[in-house]
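Have a look at the structure below before the remarks.
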Amino acid sequence: MLQRLNTDTLNWLIIIGVFLFVLEIVFFNGELIFSVLFSGLLMYLGWKKYTRLWAKVVFWVGAVSLTFTILNMMAVRFLIVAGLILFLFHYSRSKKEAAYLKPEWSDAREPLYKVEPLFRHNFFGDQKTKDTTYQWQDINIHGAFGDRVVDLSNTVLPHEDTAVISIRHLIGNIEIYVPYEVEVSISHSAVLGRAIVFDNHHTKLINQQLAYRTEGYGSNHPQVKIITTLFSGNIEVKRI
């Protein structure tokens, strides 16, 4: 959208934003500078010792405080509202000016087949694969709350390609059951939680990333690549 704005419009937005910022500091909210400096100091102290738990808490308290301080500024609220208005304006104009482009070299249409995914993007509630035999499809989902259970014993993984399981989740647990003949590569990151990957136990994960790979991964055996991200929750990958 910024590429469509002419220089005069962008300059006026900047000028008005700076004017509102100065006006707020001088006449309405002089404590704003102290709040920004204090939040910045907390972030600096937390970042210097970020490997420690108390430093992480101090850093994120400062980051949240600084974010709310900035969002409460008149200049920032003006820029957000102006940005939304400009976005709606340019979107409306682009719909009217949209051009239909059709290749002239061929009228043939490539056949496409709709594939139903194993999981859907549900923000709330639990999801699990079918208890009966099902055709494998790569999993690429995100969610907010609930558990996710993937059982690979009821499907046949492709031999020529790597099966992919990608799950991004906020709060909840992830369980993945893998047959013994399937090779595995897993990359897991979590802010808070625990992890059990076969015989490897991690009882305390705090802003960490784990990566494992079985010995035969990359061979001609069926294999699955697991990429998971959790804000708070446990993951368990085990043989079945």
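Following the order of the structure tokens, first chain is A, next is B, and so on, with residues numbered from 1 inside each chain and ligands from 1 in the order they appear.
Non-sequential neighbours of A:Leu20 (distance at most 10 Å, separation of 3 or more positions within a chain, only C-alpha atoms) are Ile14, Ile15, Ile16, Gly17, Leu23, Glu24, Ile25, Val26, Met73, Met74, Ala75, Val76 and Phe78 of chain A.
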Could those selected residues go to a file with N, CA and C atoms, as a short mmCIF file (atom, residue, chain, number, x, y, z; two decimals), in the first residue's frame?
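Below you can see out06.cif, which holds the result:
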```
data_model
loop_
_atom_site.label_atom_id
_atom_site.label_comp_id
_atom_site.auth_asym_id
_atom_site.auth_seq_id
_atom_site.Cartn_x
_atom_site.Cartn_y
_atom_site.Cartn_z
N ILE A 14 3.28 12.03 8.16
CA ILE A 14 4.42 12.14 9.07
C ILE A 14 4.38 13.44 9.84
N ILE A 15 4.07 14.54 9.15
CA ILE A 15 4.04 15.86 9.79
C ILE A 15 2.95 15.91 10.86
N ILE A 16 1.76 15.42 10.53
CA ILE A 16 0.67 15.42 11.50
C ILE A 16 1.00 14.52 12.69
N GLY A 17 1.60 13.35 12.42
CA GLY A 17 1.99 12.46 13.50
C GLY A 17 3.00 13.09 14.44
N LEU A 23 2.61 17.79 20.65
CA LEU A 23 1.49 18.38 21.37
C LEU A 23 1.13 17.57 22.61
N GLU A 24 1.15 16.25 22.48
CA GLU A 24 0.81 15.40 23.62
C GLU A 24 1.85 15.51 24.73
N ILE A 25 3.13 15.54 24.37
CA ILE A 25 4.19 15.62 25.38
C ILE A 25 4.17 16.97 26.10
N VAL A 26 3.98 18.07 25.35
CA VAL A 26 4.08 19.41 25.93
C VAL A 26 2.85 19.76 26.76
N MET A 73 -0.57 6.60 22.71
CA MET A 73 -0.22 7.92 22.22
C MET A 73 -1.19 8.37 21.13
N MET A 74 -1.52 9.65 21.14
CA MET A 74 -2.43 10.20 20.12
C MET A 74 -1.84 10.04 18.72
N ALA A 75 -0.55 10.27 18.60
CA ALA A 75 0.08 10.21 17.27
C ALA A 75 -0.02 8.80 16.70
N VAL A 76 0.22 7.79 17.54
CA VAL A 76 0.16 6.41 17.06
C VAL A 76 -1.26 6.03 16.69
N PHE A 78 -3.58 8.01 15.73
CA PHE A 78 -3.90 8.71 14.47
C PHE A 78 -3.33 7.96 13.28
#
```
- Query: Residues of stretch 5-240 of chain A in helix (DSSP H, G or I) according to DSSP, as a ChimeraX atom specification?
  - Reply: /A:7-28,32-48,53-71,74-97,152-154
Of A:Ala55, A:Leu88, A:Ile240, A:Arg77, the one nearest to A:Ser153 when counting only C-alpha atoms is A:Ile240
May I have a table of the residues of stretch 101-178 of chain A lying at most 12 Å from stretch 205-223 of chain A, giving each one's closest pair of atoms and their distance in Å to one decimal, counting only C-alpha atoms, ordered by chain and ascending residue number, as JSON lines?
```
{"residue": "A:Leu152", "atom": "CA", "partner": "A:Gln223", "partner_atom": "CA", "distance": 11.0}
{"residue": "A:Thr155", "atom": "CA", "partner": "A:Pro222", "partner_atom": "CA", "distance": 11.7}
{"residue": "A:Val156", "atom": "CA", "partner": "A:Pro222", "partner_atom": "CA", "distance": 8.8}
{"residue": "A:Leu157", "atom": "CA", "partner": "A:Pro222", "partner_atom": "CA", "distance": 6.1}
{"residue": "A:Pro158", "atom": "CA", "partner": "A:Pro222", "partner_atom": "CA", "distance": 6.3}
{"residue": "A:His159", "atom": "CA", "partner": "A:Pro222", "partner_atom": "CA", "distance": 4.9}
{"residue": "A:Glu160", "atom": "CA", "partner": "A:Asn220", "partner_atom": "CA", "distance": 7.8}
{"residue": "A:Asp161", "atom": "CA", "partner": "A:Gln223", "partner_atom": "CA", "distance": 8.0}
{"residue": "A:Thr162", "atom": "CA", "partner": "A:Gln223", "partner_atom": "CA", "distance": 5.5}
{"residue": "A:Ala163", "atom": "CA", "partner": "A:Gln223", "partner_atom": "CA", "distance": 6.3}
{"residue": "A:Val164", "atom": "CA", "partner": "A:Gln223", "partner_atom": "CA", "distance": 8.8}
{"residue": "A:Ile165", "atom": "CA", "partner": "A:Gln223", "partner_atom": "CA", "distance": 11.0}
{"residue": "A:Val178", "atom": "CA", "partner": "A:Gln223", "partner_atom": "CA", "distance": 9.8}
```
Dump C-alpha atoms for the selected residues as a PDB file, in the first residue's frame?
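Result went into result05.pdb, see below:
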```pdb
ATOM      1  CA  LEU A 152       0.299 -42.276  11.761  1.00  0.00           C
ATOM      2  CA  THR A 155      -2.256 -44.375   7.189  1.00  0.00           C
ATOM      3  CA  VAL A 156       0.422 -45.186   4.611  1.00  0.00           C
ATOM      4  CA  LEU A 157       3.137 -42.566   4.239  1.00  0.00           C
ATOM      5  CA  PRO A 158       4.603 -41.894   0.774  1.00  0.00           C
ATOM      6  CA  HIS A 159       7.917 -43.580  -0.006  1.00  0.00           C
ATOM      7  CA  GLU A 160       9.044 -41.112  -2.642  1.00  0.00           C
ATOM      8  CA  ASP A 161       8.393 -37.921  -0.664  1.00  0.00           C
ATOM      9  CA  THR A 162       8.770 -36.752   2.916  1.00  0.00           C
ATOM     10  CA  ALA A 163       5.526 -36.446   4.858  1.00  0.00           C
ATOM     11  CA  VAL A 164       5.242 -33.113   6.664  1.00  0.00           C
ATOM     12  CA  ILE A 165       3.469 -32.240   9.921  1.00  0.00           C
ATOM     13  CA  VAL A 178       4.807 -42.847  14.728  1.00  0.00           C
TER      14      VAL A 178
END
```
- Task: Select from stretch 70-212 of chain A everything DSSP, run on the backbone, classes as strand (DSSP E), then give the selection as JSON, numbers by chain.
- Result: {"A": [127, 128, 139, 140, 141, 142, 143, 144, 145, 148, 149, 150, 151, 163, 164, 165, 166, 167, 168, 169, 170, 171, 174, 175, 176, 177, 178, 183, 184, 185, 186, 187, 188, 189, 190, 191, 192, 193, 194, 195, 196, 197, 200, 201, 202, 203, 204, 205, 206, 207, 208, 209, 210, 211, 212]}
* Asked: What is the atom CA of A:Ala190-atom CA of A:Ser65 distance in Å, reported with one decimal?
  ->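 According to the coordinates, atom CA of A:Ala190 and atom CA of A:Ser65 are separated by 23.1 Å.
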Show me, as a PyMOL selection string, the residues that have an atom within 7 Å of A:Asp151 when counting only C-alpha atoms, minus same-chain residues fewer than 6 positions from it. chain A and resi 129+176-178
Go ahead and dump the residues you just picked, C-alpha atoms, as an mmCIF file, in the first residue's frame.
```cif
data_model
loop_
_atom_site.group_PDB
_atom_site.id
_atom_site.type_symbol
_atom_site.label_atom_id
_atom_site.label_comp_id
_atom_site.auth_asym_id
_atom_site.auth_seq_id
_atom_site.Cartn_x
_atom_site.Cartn_y
_atom_site.Cartn_z
ATOM 1 C CA THR A 129 -6.804 -38.071 13.171
ATOM 2 C CA ILE A 176 2.213 -37.722 17.571
ATOM 3 C CA TYR A 177 2.285 -41.516 17.243
ATOM 4 C CA VAL A 178 4.807 -42.847 14.728
#
```
Margin query: When you count only C-alpha atoms, which of these residues is closest to A:Thr67: A:Gln127, A:Tyr50, A:Leu86, A:Ser39?
Written below: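 The shortest atom-to-atom distance to A:Thr67 comes from A:Ser39.
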**Request:** List the neighbours of A:Gly172 out to 6 Å using only C-alpha atoms; skip same-chain residues closer than 3 positions along the sequence, and give me the result as a list in words.
**Result:**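 Close residues of A:Gly172: Phe145, Gly146, Asp147 and Gly233 of chain A.
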Residues of the last selection are to be written out with N, CA and C atoms, as an mmCIF file, in the first residue's frame.
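Writing done, so here's again10.cif:
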```cif
data_model
loop_
_atom_site.group_PDB
_atom_site.id
_atom_site.type_symbol
_atom_site.label_atom_id
_atom_site.label_comp_id
_atom_site.auth_asym_id
_atom_site.auth_seq_id
_atom_site.Cartn_x
_atom_site.Cartn_y
_atom_site.Cartn_z
ATOM 1 N N PHE A 145 -6.317 -22.907 21.345
ATOM 2 C CA PHE A 145 -6.510 -23.670 22.569
ATOM 3 C C PHE A 145 -6.994 -25.080 22.234
ATOM 4 N N GLY A 146 -6.492 -26.067 22.989
ATOM 5 C CA GLY A 146 -6.908 -27.450 22.782
ATOM 6 C C GLY A 146 -5.722 -28.348 22.489
ATOM 7 N N ASP A 147 -6.002 -29.643 22.354
ATOM 8 C CA ASP A 147 -4.970 -30.641 22.082
ATOM 9 C C ASP A 147 -5.033 -31.100 20.626
ATOM 10 N N GLY A 233 2.681 -25.574 26.531
ATOM 11 C CA GLY A 233 2.105 -26.900 26.387
ATOM 12 C C GLY A 233 3.182 -27.963 26.250
#
```
**OP:** May I ask for the distance between atom CA of A:His121 and atom CA of A:Gly143, given in Å to one decimal place?
**Re:**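 Between these atoms lies a distance of 6.0 Å.
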With distances taken over only C-alpha atoms, the candidate from A:Met43, A:Val36, A:Ile174, A:Val224 nearest A:Glu236 is A:Ile174
### Task
Mind giving me the straight-line distance from atom CA of A:Leu32 to atom CA of A:Ile80 in Å, one decimal?
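Separation between atom CA of A:Leu32 and atom CA of A:Ile80: 18.9 Å.
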